[in-house]
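Colleague: This is the content of protein-v2.csv (CSV, C-alpha atoms):
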chain,number,residue,atom,x,y,z
N,1167,MET,CA,86.4,122.5,61.1
N,1168,ARG,CA,90.1,121.5,60.9
N,1169,PRO,CA,91.0,118.4,62.9
N,1170,LEU,CA,93.4,118.9,65.7
N,1171,PRO,CA,97.1,118.4,64.9
N,1172,LYS,CA,98.1,114.9,65.6
N,1173,HIS,CA,100.1,115.6,68.8
N,1174,MET,CA,97.2,117.4,70.4
N,1175,ARG,CA,94.5,114.8,69.7
N,1176,ARG,CA,93.2,112.8,72.6
N,1177,ARG,CA,94.8,109.5,72.9
N,1178,ARG,CA,92.4,106.6,73.4
N,1179,ARG,CA,92.4,102.9,73.8
N,1180,TYR,CA,89.9,100.4,72.7
N,1181,LEU,CA,89.2,97.4,74.9
N,1182,ALA,CA,87.8,94.3,73.3
N,1183,VAL,CA,85.4,92.7,75.8
N,1184,ARG,CA,83.9,89.3,75.4
N,1185,LEU,CA,80.6,88.8,77.3
N,1186,GLY,CA,79.1,85.4,77.9
N,1187,CYS,CA,75.5,85.0,78.9
N,1188,ARG,CA,72.9,82.3,78.9
N,1189,LEU,CA,72.7,80.6,75.5
N,1190,ASP,CA,69.0,81.5,75.1
N,1191,ARG,CA,69.7,85.2,75.4
N,1192,THR,CA,71.2,87.7,73.0
N,1193,LEU,CA,72.7,90.9,74.5
N,1194,ASP,CA,72.0,94.3,72.9
N,1195,GLU,CA,74.3,97.2,72.4
N,1196,ARG,CA,72.1,99.8,74.1
N,1197,GLY,CA,71.7,97.6,77.2
N,1198,LEU,CA,75.5,97.1,77.4
N,1199,GLN,CA,76.1,100.8,77.2
N,1200,ARG,CA,73.7,101.4,80.0
N,1201,ALA,CA,75.2,98.7,82.1
N,1202,LEU,CA,78.7,100.2,81.6
N,1203,TRP,CA,77.6,103.6,82.8
N,1204,ALA,CA,75.6,102.2,85.6
N,1205,THR,CA,78.6,100.0,86.8
N,1206,ALA,CA,81.0,102.9,86.7
N,1207,ARG,CA,78.7,105.0,88.7
N,1208,ARG,CA,78.0,102.1,91.2
N,1209,ILE,CA,81.7,101.5,91.8
N,1210,GLY,CA,83.2,105.0,91.6
N,1211,GLY,CA,80.4,107.5,91.3
N,1212,ALA,CA,80.1,110.2,88.7
N,1213,ARG,CA,83.8,110.9,88.9
N,1214,LEU,CA,84.8,107.4,87.7
N,1215,SER,CA,82.1,107.4,85.1
N,1216,ALA,CA,83.4,110.7,83.7
N,1217,GLU,CA,87.1,109.6,83.9
N,1218,THR,CA,86.6,106.4,82.1
N,1219,GLU,CA,84.1,107.8,79.5
N,1220,LEU,CA,83.1,104.2,78.5
N,1221,ARG,CA,81.5,104.1,75.1
N,1222,VAL,CA,80.6,101.0,73.0
N,1223,MET,CA,82.0,101.7,69.6
N,1224,ARG,CA,81.4,98.3,67.9
N,1225,PHE,CA,79.2,95.5,69.0
N,1226,GLU,CA,78.3,92.1,67.7
N,1227,ALA,CA,76.2,89.6,69.4
N,1228,ALA,CA,75.1,86.0,68.9
N,1229,PRO,CA,73.0,83.9,71.3
N,1230,GLY,CA,75.1,83.4,74.5
N,1231,VAL,CA,78.1,85.5,73.5
N,1232,ALA,CA,78.8,89.1,72.5
N,1233,VAL,CA,82.0,91.0,71.6
N,1234,ALA,CA,82.2,94.8,72.2
N,1235,LEU,CA,84.8,97.4,71.5
N,1236,VAL,CA,84.8,99.9,74.3
N,1237,ARG,CA,86.5,103.2,74.0
N,1238,THR,CA,88.3,104.9,76.9
N,1239,PRO,CA,91.0,107.6,77.3
N,1240,HIS,CA,94.5,106.2,77.2
N,1241,ALA,CA,95.2,107.3,80.8
N,1242,ALA,CA,92.1,105.5,82.1
N,1243,THR,CA,92.7,102.1,80.5
N,1244,ASP,CA,93.2,100.2,83.8
N,1245,ALA,CA,90.3,101.9,85.5
N,1246,ALA,CA,88.1,101.0,82.5
N,1247,ARG,CA,89.3,97.4,82.8
N,1248,GLY,CA,88.2,97.4,86.4
N,1249,VAL,CA,84.8,98.8,85.6
N,1250,LEU,CA,84.3,96.2,82.8
N,1251,ALA,CA,85.3,93.4,85.3
N,1252,ALA,CA,82.6,94.7,87.7
N,1253,VAL,CA,79.8,94.3,85.1
N,1254,ASP,CA,77.6,91.5,86.4
N,1255,VAL,CA,74.2,92.1,84.6
N,1256,VAL,CA,73.2,93.7,81.3
N,1257,GLY,CA,69.5,94.5,81.6
N,1258,ASP,CA,68.3,91.5,83.5
N,1259,THR,CA,70.7,89.0,82.0
N,1260,PRO,CA,73.7,87.9,84.1
N,1261,VAL,CA,76.9,88.2,82.1
N,1262,ALA,CA,80.5,87.1,82.3
N,1263,PRO,CA,82.8,89.9,81.0
N,1264,HIS,CA,86.4,89.2,80.0
N,1265,VAL,CA,88.7,91.9,78.6
N,1266,VAL,CA,90.4,89.9,75.8
N,1267,GLY,CA,92.6,92.6,74.4
N,1268,VAL,CA,93.5,96.3,74.2
N,1269,CYS,CA,94.2,98.1,70.9
N,1270,GLY,CA,95.1,101.6,69.8
N,1271,THR,CA,92.7,101.7,66.9
N,1272,ILE,CA,89.3,100.4,66.2
N,1273,ALA,CA,90.5,98.7,63.0
N,1274,ALA,CA,93.2,96.7,64.7
N,1275,CYS,CA,90.7,95.7,67.4
N,1276,GLU,CA,88.1,94.6,64.9
N,1277,GLU,CA,90.5,92.6,62.9
N,1278,ARG,CA,91.8,90.7,65.9
N,1279,TYR,CA,88.8,90.2,68.1
N,1280,MET,CA,85.7,90.5,66.0
N,1281,ASN,CA,83.9,88.8,63.2
N,1282,HIS,CA,84.5,85.3,64.5
N,1283,ALA,CA,81.8,83.0,63.4
N,1284,THR,CA,79.9,81.3,66.2
N,1285,ARG,CA,78.1,78.0,66.0
N,1286,PRO,CA,74.4,78.0,66.3
N,1287,VAL,CA,72.7,77.2,69.6
N,1288,ASP,CA,70.7,74.0,69.7
N,1289,GLU,CA,67.7,73.5,72.1
N,1290,ARG,CA,67.1,69.9,73.2
N,1291,ASP,CA,66.2,67.7,76.2
N,1292,VAL,CA,69.1,66.3,78.1
N,1293,ALA,CA,69.5,63.9,81.0
N,1294,PHE,CA,71.2,65.6,83.9
N,1295,ASP,CA,71.4,64.6,87.6
N,1296,SER,CA,68.8,61.8,86.9
N,1297,HIS,CA,66.2,64.2,85.5
N,1298,THR,CA,65.2,65.2,82.0
N,1299,ARG,CA,65.7,68.9,81.5
N,1300,THR,CA,65.5,71.4,78.6
N,1301,ALA,CA,68.9,72.6,77.7
N,1302,PHE,CA,70.6,75.0,75.2
N,1303,VAL,CA,73.7,73.5,73.7
N,1304,ARG,CA,76.6,75.0,71.7
N,1305,GLY,CA,79.8,73.0,71.2
N,1306,ALA,CA,80.8,71.7,74.6
N,1307,GLN,CA,78.7,74.3,76.5
N,1308,VAL,CA,75.4,73.2,77.9
N,1309,ASP,CA,73.0,75.6,79.7
N,1310,ILE,CA,70.4,73.6,81.5
N,1311,VAL,CA,67.1,75.1,82.5
N,1312,GLY,CA,66.9,74.0,86.1
N,1313,PRO,CA,64.1,74.1,88.6
N,1314,SER,CA,65.5,77.3,90.1
N,1315,GLY,CA,67.5,79.2,87.6
N,1316,ASP,CA,69.9,77.8,85.0
N,1317,ILE,CA,72.8,75.4,85.6
N,1318,GLY,CA,76.0,75.7,83.6
N,1319,ALA,CA,77.3,72.4,82.4
N,1320,THR,CA,79.3,70.7,79.6
N,1321,ARG,CA,78.7,67.7,77.4
N,1322,LEU,CA,80.8,65.7,79.9
N,1323,ASP,CA,78.2,66.2,82.6
N,1324,LEU,CA,75.3,64.7,80.7
N,1325,GLU,CA,74.3,61.2,81.4
Z,1059,MET,CA,100.8,79.0,82.0
Z,1060,PRO,CA,104.3,79.5,83.4
Z,1061,MET,CA,104.6,79.7,87.2
Z,1062,ASP,CA,105.8,83.0,88.5
Z,1063,ALA,CA,109.1,83.3,90.3
Z,1064,ASP,CA,107.6,83.4,93.7
Z,1065,GLY,CA,105.9,80.1,93.2
Z,1066,GLY,CA,102.2,79.3,93.0
Z,1067,GLY,CA,100.0,79.3,90.0
Z,1068,LEU,CA,96.8,81.3,89.8
Z,1069,TYR,CA,93.9,79.7,91.5
Z,1070,GLU,CA,90.3,80.7,92.4
Z,1071,ALA,CA,87.9,79.2,94.9
Z,1072,VAL,CA,84.5,78.2,93.7
Z,1073,SER,CA,81.4,76.2,94.7
Z,1074,CYS,CA,80.2,73.8,92.1
Z,1075,TYR,CA,76.9,72.0,91.5
Z,1076,PRO,CA,75.0,70.9,93.6
Z,1077,THR,CA,76.2,73.7,96.0
Z,1078,GLY,CA,76.6,76.2,93.2
Z,1079,GLU,CA,74.9,76.7,89.9
Z,1080,ALA,CA,77.5,75.3,87.5
Z,1081,THR,CA,79.2,72.0,87.2
Z,1082,ALA,CA,82.9,71.5,87.9
Z,1083,HIS,CA,83.6,70.8,84.2
Z,1084,ARG,CA,82.0,74.1,83.2
Z,1085,LEU,CA,83.8,76.1,85.9
Z,1086,ALA,CA,87.1,74.5,84.9
Z,1087,ALA,CA,86.5,75.3,81.2
Z,1088,ARG,CA,85.8,78.9,82.0
Z,1089,ALA,CA,88.7,79.2,84.4
Z,1090,ALA,CA,91.1,77.8,81.9
Z,1091,ALA,CA,89.8,80.3,79.3
Z,1092,LEU,CA,90.5,83.2,81.7
Z,1093,GLY,CA,94.0,82.1,82.4
Z,1094,TYR,CA,93.8,80.3,85.7
Z,1095,ASP,CA,96.0,77.3,86.5
Z,1096,GLY,CA,93.3,75.6,88.6
Z,1097,LEU,CA,90.3,75.8,90.8
Z,1098,ILE,CA,89.7,75.0,94.5
Z,1099,VAL,CA,86.3,73.4,94.5
Z,1100,ASP,CA,84.0,72.8,97.4
Z,1101,GLY,CA,80.9,70.6,97.0
Z,1102,GLY,CA,80.3,67.7,94.7
Z,1103,SER,CA,82.7,65.0,93.5
Z,1104,LEU,CA,85.6,66.1,91.3
Z,1105,PRO,CA,85.8,64.8,87.7
Z,1106,GLU,CA,89.0,63.3,86.4
Z,1107,ALA,CA,89.7,65.1,83.1
Z,1108,ALA,CA,88.8,68.8,83.5
Z,1109,ALA,CA,90.1,71.8,81.5
Z,1110,CYS,CA,92.3,72.9,84.4
Z,1111,GLU,CA,93.5,71.4,87.7
Z,1112,LEU,CA,90.8,70.9,90.3
Z,1113,VAL,CA,91.6,70.8,94.0
Z,1114,ASP,CA,89.2,69.4,96.6
Z,1115,ALA,CA,88.3,71.7,99.5
Z,1116,ALA,CA,85.9,71.7,102.4
Z,1117,VAL,CA,84.2,74.7,104.0
Z,1118,LEU,CA,83.6,74.3,107.7
Z,1119,THR,CA,80.6,76.2,108.8
Z,1120,GLY,CA,78.6,76.3,112.0
Z,1121,ALA,CA,76.5,78.5,114.2
Z,1122,ASP,CA,79.2,78.8,116.9
Z,1123,VAL,CA,82.7,77.7,117.8
Z,1124,ALA,CA,81.6,74.6,119.7
Z,1125,SER,CA,79.7,73.1,116.8
Z,1126,MET,CA,82.6,73.8,114.4
Z,1127,SER,CA,85.5,72.5,116.4
Z,1128,GLY,CA,84.2,68.9,116.3
Z,1129,GLY,CA,84.4,68.6,112.5
Z,1130,LEU,CA,87.7,70.3,112.0
Z,1131,HIS,CA,90.2,67.4,112.1
Z,1132,GLN,CA,88.0,65.1,110.1
Z,1133,LEU,CA,87.7,67.6,107.3
Z,1134,ARG,CA,91.4,68.4,107.6
Z,1135,ALA,CA,92.3,64.8,107.0
Z,1136,ALA,CA,89.8,64.3,104.1
Z,1137,HIS,CA,90.5,67.4,102.0
Z,1138,THR,CA,93.5,69.2,100.4
Z,1139,VAL,CA,92.3,72.7,101.4
Z,1140,LEU,CA,90.4,73.5,104.5
Z,1141,ILE,CA,88.4,76.7,104.5
Z,1142,VAL,CA,86.6,78.0,107.6
Z,1143,ALA,CA,83.6,80.3,107.3
Z,1144,GLY,CA,84.0,83.0,109.9
Z,1145,GLY,CA,81.7,86.0,110.5
Z,1146,ASP,CA,81.7,87.1,114.1
Z,1147,HIS,CA,84.8,87.7,116.3
Z,1148,ALA,CA,84.6,84.4,118.0
Z,1149,ARG,CA,84.5,82.3,114.9
Z,1150,ASN,CA,87.2,84.3,113.2
Z,1151,ARG,CA,89.4,83.9,116.3
Z,1152,PHE,CA,88.7,80.1,116.2
Z,1153,ALA,CA,89.8,79.9,112.6
Z,1154,VAL,CA,93.0,81.9,112.9
Z,1155,ASP,CA,94.1,80.1,116.1
Z,1156,HIS,CA,94.3,76.7,114.4
Z,1157,PRO,CA,97.3,76.0,112.3
Z,1158,ALA,CA,95.3,73.2,110.6
Z,1159,VAL,CA,93.1,75.8,108.9
Z,1160,ASP,CA,94.2,77.1,105.5
Z,1161,VAL,CA,91.8,80.0,104.8
Z,1162,LEU,CA,89.3,82.1,106.7
Z,1163,VAL,CA,86.5,83.3,104.6
Z,1164,GLY,CA,83.6,85.7,105.2
Z,1165,SER,CA,85.6,87.4,108.0
Z,1166,VAL,CA,84.0,90.8,107.5
Z,1167,THR,CA,80.3,90.0,107.3
Z,1168,GLU,CA,79.8,91.6,110.8
Z,1169,GLN,CA,81.1,94.9,111.9
Z,1170,MET,CA,84.3,94.9,114.0
Z,1171,ALA,CA,84.8,91.2,113.5
Z,1172,VAL,CA,88.4,91.6,112.3
Z,1173,ASN,CA,91.0,93.5,114.3
Z,1174,HIS,CA,94.8,93.5,114.7
Z,1175,VAL,CA,94.6,90.6,117.1
Z,1176,ILE,CA,92.9,88.3,114.5
Z,1177,VAL,CA,95.3,89.4,111.8
Z,1178,ARG,CA,98.4,88.8,114.0
Z,1179,ALA,CA,97.1,85.4,115.0
Z,1180,ALA,CA,96.5,84.6,111.3
Z,1181,ARG,CA,100.1,85.5,110.5
Z,1182,ALA,CA,101.5,83.5,113.4
Z,1183,HIS,CA,99.5,80.4,112.4
Z,1184,ASP,CA,99.8,80.9,108.7
Z,1185,VAL,CA,96.1,81.1,108.1
Z,1186,ALA,CA,95.3,83.2,105.0
Z,1187,ILE,CA,92.4,85.6,105.4
Z,1188,ALA,CA,90.2,85.7,102.3
Z,1189,VAL,CA,89.2,89.1,100.8
Z,1190,ASP,CA,86.0,88.5,98.9
Z,1191,LEU,CA,85.6,90.9,95.9
Z,1192,GLY,CA,82.2,89.4,95.0
Z,1193,PRO,CA,80.1,92.2,96.6
Z,1194,LEU,CA,81.9,94.6,94.2
Z,1195,LEU,CA,80.2,92.8,91.4
Z,1196,THR,CA,76.7,92.4,92.9
Z,1197,THR,CA,75.9,95.0,95.5
Z,1198,SER,CA,75.3,98.7,95.1
Z,1199,GLY,CA,74.5,101.8,97.2
Z,1200,GLY,CA,74.6,101.5,101.0
Z,1201,ALA,CA,75.4,97.8,101.0
Z,1202,LEU,CA,78.4,98.4,98.8
Z,1203,VAL,CA,79.5,101.4,100.9
Z,1204,ARG,CA,79.4,99.3,104.1
Z,1205,TYR,CA,81.2,96.4,102.5
Z,1206,LEU,CA,83.9,98.6,101.0
Z,1207,ARG,CA,84.5,100.3,104.3
Z,1208,ARG,CA,85.1,96.9,106.0
Z,1209,CYS,CA,87.1,95.6,103.1
Z,1210,ARG,CA,89.5,98.5,103.0
Z,1211,GLU,CA,90.0,98.2,106.7
Z,1212,LEU,CA,90.8,94.5,106.3
Z,1213,ILE,CA,93.2,95.2,103.5
Z,1214,ARG,CA,94.9,97.9,105.6
Z,1215,LEU,CA,95.3,95.6,108.5
Z,1216,LEU,CA,96.6,92.8,106.3
Z,1217,GLU,CA,99.2,95.0,104.7
Z,1218,HIS,CA,100.3,96.5,108.1
Z,1219,GLU,CA,100.8,93.1,109.7
Z,1220,GLU,CA,102.0,91.5,106.4
Z,1221,ALA,CA,99.6,88.7,107.1
Z,1222,PRO,CA,98.8,86.1,104.4
Z,1223,TYR,CA,95.6,86.7,102.3
Z,1224,VAL,CA,93.8,85.2,99.4
Z,1225,VAL,CA,91.5,86.9,96.9
Z,1226,THR,CA,88.3,85.4,95.6
Z,1227,THR,CA,85.0,86.4,94.1
Z,1228,GLY,CA,83.2,83.5,95.8
Z,1229,ALA,CA,81.9,82.3,92.4
Z,1230,ARG,CA,78.9,79.9,92.4
Z,1231,THR,CA,78.5,80.0,88.7
Z,1232,HIS,CA,81.0,80.1,85.8
Z,1233,ARG,CA,79.8,83.7,85.0
Z,1234,ARG,CA,81.0,85.1,88.3
Z,1235,LEU,CA,84.7,84.2,87.5
Z,1236,ARG,CA,86.9,87.0,86.4
Z,1237,ALA,CA,90.3,87.0,84.7
Z,1238,PRO,CA,93.2,87.6,87.1
Z,1239,ARG,CA,94.2,90.8,85.3
Z,1240,ASP,CA,90.6,92.1,85.4
Z,1241,LEU,CA,90.3,91.4,89.1
Z,1242,ASP,CA,93.6,93.2,89.6
Z,1243,ALA,CA,92.2,96.3,87.8
Z,1244,LEU,CA,89.0,96.1,89.9
Z,1245,ALA,CA,90.9,95.9,93.2
Z,1246,SER,CA,93.0,98.9,92.1
Z,1247,LEU,CA,89.7,100.9,91.7
Z,1248,VAL,CA,88.9,100.4,95.4
Z,1249,GLY,CA,92.4,101.3,96.7
Z,1250,ALA,CA,94.5,98.2,96.5
Z,1251,ASP,CA,98.0,98.4,95.0
Z,1252,PRO,CA,98.5,97.0,91.4
Z,1253,GLY,CA,99.4,93.4,91.7
Z,1254,TRP,CA,97.8,93.0,95.1
Z,1255,ALA,CA,94.9,90.8,93.8
Z,1256,ARG,CA,97.2,88.8,91.6
Z,1257,ALA,CA,99.3,87.9,94.6
Z,1258,GLY,CA,96.1,86.9,96.5
Z,1259,LEU,CA,95.2,84.5,93.7
Z,1260,GLN,CA,98.8,83.1,93.7
Z,1261,ARG,CA,98.5,82.5,97.4
Z,1262,TRP,CA,95.8,79.9,96.7
Z,1263,GLY,CA,98.4,78.1,94.5
Z,1264,GLN,CA,101.0,78.2,97.2
Z,1265,ILE,CA,98.5,76.7,99.7
Z,1266,VAL,CA,97.8,73.9,97.3
Z,1267,THR,CA,101.4,73.2,96.6
Z,1268,ARG,CA,102.3,73.2,100.4
Z,1269,ASN,CA,99.4,70.9,101.3
Z,1270,ARG,CA,100.1,68.5,98.5
Z,1271,ARG,CA,103.7,68.2,99.7
Z,1272,ARG,CA,102.6,67.7,103.3
Z,1273,GLN,CA,100.2,64.9,102.2
Z,1274,ALA,CA,102.9,63.2,100.2
Z,1275,GLU,CA,105.6,63.4,102.8
Z,1276,PRO,CA,105.5,61.7,106.2
Z,1277,ALA,CA,105.0,63.9,109.2
Z,1278,PRO,CA,108.2,65.5,110.8
Z,1279,GLY,CA,109.9,63.0,113.1
Z,1280,VAL,CA,108.5,60.0,111.2
Z,1281,THR,CA,111.0,58.0,109.0
Z,1282,VAL,CA,110.0,55.5,106.3
Z,1283,GLU,CA,112.0,52.4,106.3
Z,1284,GLU,CA,112.4,50.7,102.9
Z,1285,ASP,CA,112.0,46.9,102.8
Z,1286,PRO,CA,115.4,45.3,102.2
What would the structure in this file look like if it were written as structure tokens?

Modeller:
Amino acid sequence: MRPLPKHMRRRRRYLAVRLGCRLDRTLDERGLQRALWATARRIGGARLSAETELRVMRFEAAPGVAVALVRTPHAATDAARGVLAAVDVVGDTPVAPHVVGVCGTIAACEERYMNHATRPVDERDVAFDSHTRTAFVRGAQVDIVGPSGDIGATRLDLE
Amino acid sequence: MPMDADGGGLYEAVSCYPTGEATAHRLAARAAALGYDGLIVDGGSLPEAAACELVDAAVLTGADVASMSGGLHQLRAAHTVLIVAGGDHARNRFAVDHPAVDVLVGSVTEQMAVNHVIVRAARAHDVAIAVDLGPLLTTSGGALVRYLRRCRELIRLLEHEEAPYVVTTGARTHRRLRAPRDLDALASLVGADPGWARAGLQRWGQIVTRNRRRQAEPAPGVTVEEDP
């Protein structure tokens, strides 16, 4: 089948989203795709979900951080950004989404926002708030396994 | 980050450990990465060198107006930003009738708790009413529908009376913070104008600047005499 002439093709935008999560979890692409659809439906129903047509095109994940390229029609870029901002959990993992950039092509987006090496996560015991706790550490980030859920901290908070 | 022409950097209000589930350092690092100029923090002691500016705040809570009014002036004197947790009509009315209060939060947790009288009083006494976008991230179904209905009504009242407002997600962890631009896009999805949420974040900055100036300067009518 012949491709559509250039002026009749659908114009799209690719949003680069950086998702942070607990350092002992690694997000998966399928889970993110489900979360995007679920969030669009939660906020704006089937109409918003159809309008934004969110689709994960590229995905790479390391423990605690993932970068995804999400495709959306050009006209729905702002709506897509709003939906991405409303994502709070992927599967059962709480996440922190941040739209770091928008590009017109996958290649440009990949070059700018993906393939950044991340440092490995280190598991160790730390002293925090006069208790010894298990923690996951990467760079300055420290995720402490607290008595009720995890506590976000930095190296500066350790005793 | 450069300050905008209308003054006031971008600020968010958060609760840090032990009230919340992330330390002030971690919240500050996240906020700086998202493009905020600073955070307004309640709970815990503030560290010196954080990734962005930290402003101490107090949240006044209480079961009724009588129990809240006692602590008001003490908290006002001790903190840069004074936030009052409202809820029902009486507590909302109490918050917006005191010029000493900076921000009223949680004003729409009960039905019919905010009306034109509250919003007009808020404008008259320069008390900002907080619009909490947090439920947009966490709730769904009927709870979100009820929340949205109240929230839209509040936004409509605020715009009609041109009353001061602030925008927050009420973050208790670093993950609940969202970039100003992302919040703006999210607010647009539920019927706010583009730029509305950003203005609400800048309002926090204006409150901080104003209160710092008030703390630094002597009260009106008081003159400071220099020693010869």

Colleague: Just how far from atom CA of His1240 of chain N is atom CA of Met1167 of chain N, in Å to one decimal?

Modeller: 24.3 Å

Colleague: For Ala1182 of chain N, list every protein, DNA or RNA residue within 8 Å, evaluated using all atoms listed in the file, and leave out those in the same chain fewer than 5 positions away; present the list as a PyMOL selection string.

Modeller: chain N and resi 1233-1236+1265-1269+1275+1279

Colleague: When the cut-off is 6 Å and we count all atoms listed in the file, which residues of chain Z are near chain N, given as a ChimeraX atom specification?

Modeller: /Z:1079-1081,1084,1195,1198,1233,1240,1243-1244

Colleague: Find the residue from N:Ala1228, N:Leu1170, N:Ala1274, N:Val1256 that sits nearest to Asp1190 of chain N; use all atoms listed in the file when measuring.

Modeller: N:Ala1228

Colleague: What does the distance from atom CA of Val1189 of chain Z to atom CA of Val1225 of chain Z come to in Å, to one decimal?

Modeller: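 Computed distance, atom CA of Val1189 of chain Z to atom CA of Val1225 of chain Z, equals 5.0 Å.
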
Colleague: Please provide the set of residues having any atom within 8 Å of Val1303 of chain N, restricted to only C-alpha atoms, with same-chain residues fewer than 6 positions apart removed, written as a PyMOL selection string.

Modeller: chain N and resi 1189+1287-1290+1309

Colleague: Which distance in Å separates atom CA of Arg1270 of chain Z and atom CA of Leu1112 of chain Z, to one decimal?

Modeller: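 So the two atoms, atom CA of Arg1270 of chain Z and atom CA of Leu1112 of chain Z, lie 12.6 Å apart.
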
Colleague: Calculated over all atoms listed in the file, which of the candidates N:Pro1286, N:Ala1232, N:Asp1291, N:Glu1325 has the smallest distance to Val1311 of chain N?

Modeller: N:Asp1291

Colleague: Find the residue from Z:Ala1182, Z:Leu1118, Z:Ala1089, Z:Ala1108 that sits nearest to Leu1235 of chain Z; use only C-alpha atoms when measuring.

Modeller: Z:Ala1089

Colleague: Fewer than 4 positions away in the same chain doesn't count, so skip those; otherwise give me all residues within 10 Å of Ala1216 of chain N, counting all atoms listed in the file, as a PyMOL selection string.

Modeller: chain N and resi 1203+1206-1207+1210-1212+1220

Colleague: Since the input is missing atoms, can you rebuild all heavy atoms for segment 1186-1191 of chain N and write them as a PDB file, keeping the file's coordinate frame?

Modeller:
ATOM      1  N   GLY N1186      79.932  86.667  78.001  1.00  0.00           N
ATOM      2  CA  GLY N1186      79.100  85.400  77.900  1.00  0.00           C
ATOM      3  C   GLY N1186      77.842  85.605  78.647  1.00  0.00           C
ATOM      4  O   GLY N1186      77.787  86.308  79.649  1.00  0.00           O
ATOM      5  N   CYS N1187      76.787  84.988  78.171  1.00  0.00           N
ATOM      6  CA  CYS N1187      75.500  85.000  78.900  1.00  0.00           C
ATOM      7  C   CYS N1187      74.820  83.668  78.596  1.00  0.00           C
ATOM      8  O   CYS N1187      75.357  82.812  77.900  1.00  0.00           O
ATOM      9  CB  CYS N1187      74.656  86.182  78.582  1.00  0.00           C
ATOM     10  SG  CYS N1187      74.042  86.205  76.901  1.00  0.00           S
ATOM     11  N   ARG N1188      73.625  83.507  79.152  1.00  0.00           N
ATOM     12  CA  ARG N1188      72.900  82.300  78.900  1.00  0.00           C
ATOM     13  C   ARG N1188      72.687  82.105  77.373  1.00  0.00           C
ATOM     14  O   ARG N1188      72.469  83.073  76.645  1.00  0.00           O
ATOM     15  CB  ARG N1188      71.490  82.384  79.529  1.00  0.00           C
ATOM     16  CG  ARG N1188      71.485  81.931  80.951  1.00  0.00           C
ATOM     17  CD  ARG N1188      70.162  82.246  81.587  1.00  0.00           C
ATOM     18  NE  ARG N1188      69.066  81.565  80.888  1.00  0.00           N
ATOM     19  CZ  ARG N1188      67.826  81.483  81.378  1.00  0.00           C
ATOM     20  NH1 ARG N1188      67.546  82.024  82.530  1.00  0.00           N
ATOM     21  NH2 ARG N1188      66.896  80.861  80.711  1.00  0.00           N
ATOM     22  N   LEU N1189      72.724  80.868  76.937  1.00  0.00           N
ATOM     23  CA  LEU N1189      72.700  80.600  75.500  1.00  0.00           C
ATOM     24  C   LEU N1189      71.355  80.921  74.856  1.00  0.00           C
ATOM     25  O   LEU N1189      71.254  80.986  73.634  1.00  0.00           O
ATOM     26  CB  LEU N1189      73.079  79.144  75.223  1.00  0.00           C
ATOM     27  CG  LEU N1189      74.547  78.800  75.508  1.00  0.00           C
ATOM     28  CD1 LEU N1189      74.784  77.319  75.392  1.00  0.00           C
ATOM     29  CD2 LEU N1189      75.468  79.547  74.558  1.00  0.00           C
ATOM     30  N   ASP N1190      70.303  81.133  75.658  1.00  0.00           N
ATOM     31  CA  ASP N1190      69.000  81.500  75.100  1.00  0.00           C
ATOM     32  C   ASP N1190      68.788  82.989  75.039  1.00  0.00           C
ATOM     33  O   ASP N1190      67.728  83.461  74.678  1.00  0.00           O
ATOM     34  CB  ASP N1190      67.866  80.771  75.777  1.00  0.00           C
ATOM     35  CG  ASP N1190      67.857  81.084  77.266  1.00  0.00           C
ATOM     36  OD1 ASP N1190      68.934  81.392  77.802  1.00  0.00           O
ATOM     37  OD2 ASP N1190      66.788  81.012  77.898  1.00  0.00           O
ATOM     38  N   ARG N1191      69.812  83.760  75.440  1.00  0.00           N
ATOM     39  CA  ARG N1191      69.700  85.200  75.400  1.00  0.00           C
ATOM     40  C   ARG N1191      70.667  85.825  74.434  1.00  0.00           C
ATOM     41  O   ARG N1191      71.747  85.281  74.231  1.00  0.00           O
ATOM     42  CB  ARG N1191      69.993  85.810  76.811  1.00  0.00           C
ATOM     43  CG  ARG N1191      69.156  85.268  77.944  1.00  0.00           C
ATOM     44  CD  ARG N1191      67.812  85.966  77.997  1.00  0.00           C
ATOM     45  NE  ARG N1191      67.047  85.483  79.142  1.00  0.00           N
ATOM     46  CZ  ARG N1191      67.067  86.041  80.348  1.00  0.00           C
ATOM     47  NH1 ARG N1191      67.848  87.073  80.570  1.00  0.00           N
ATOM     48  NH2 ARG N1191      66.334  85.562  81.330  1.00  0.00           N
TER      49      ARG N1191
END
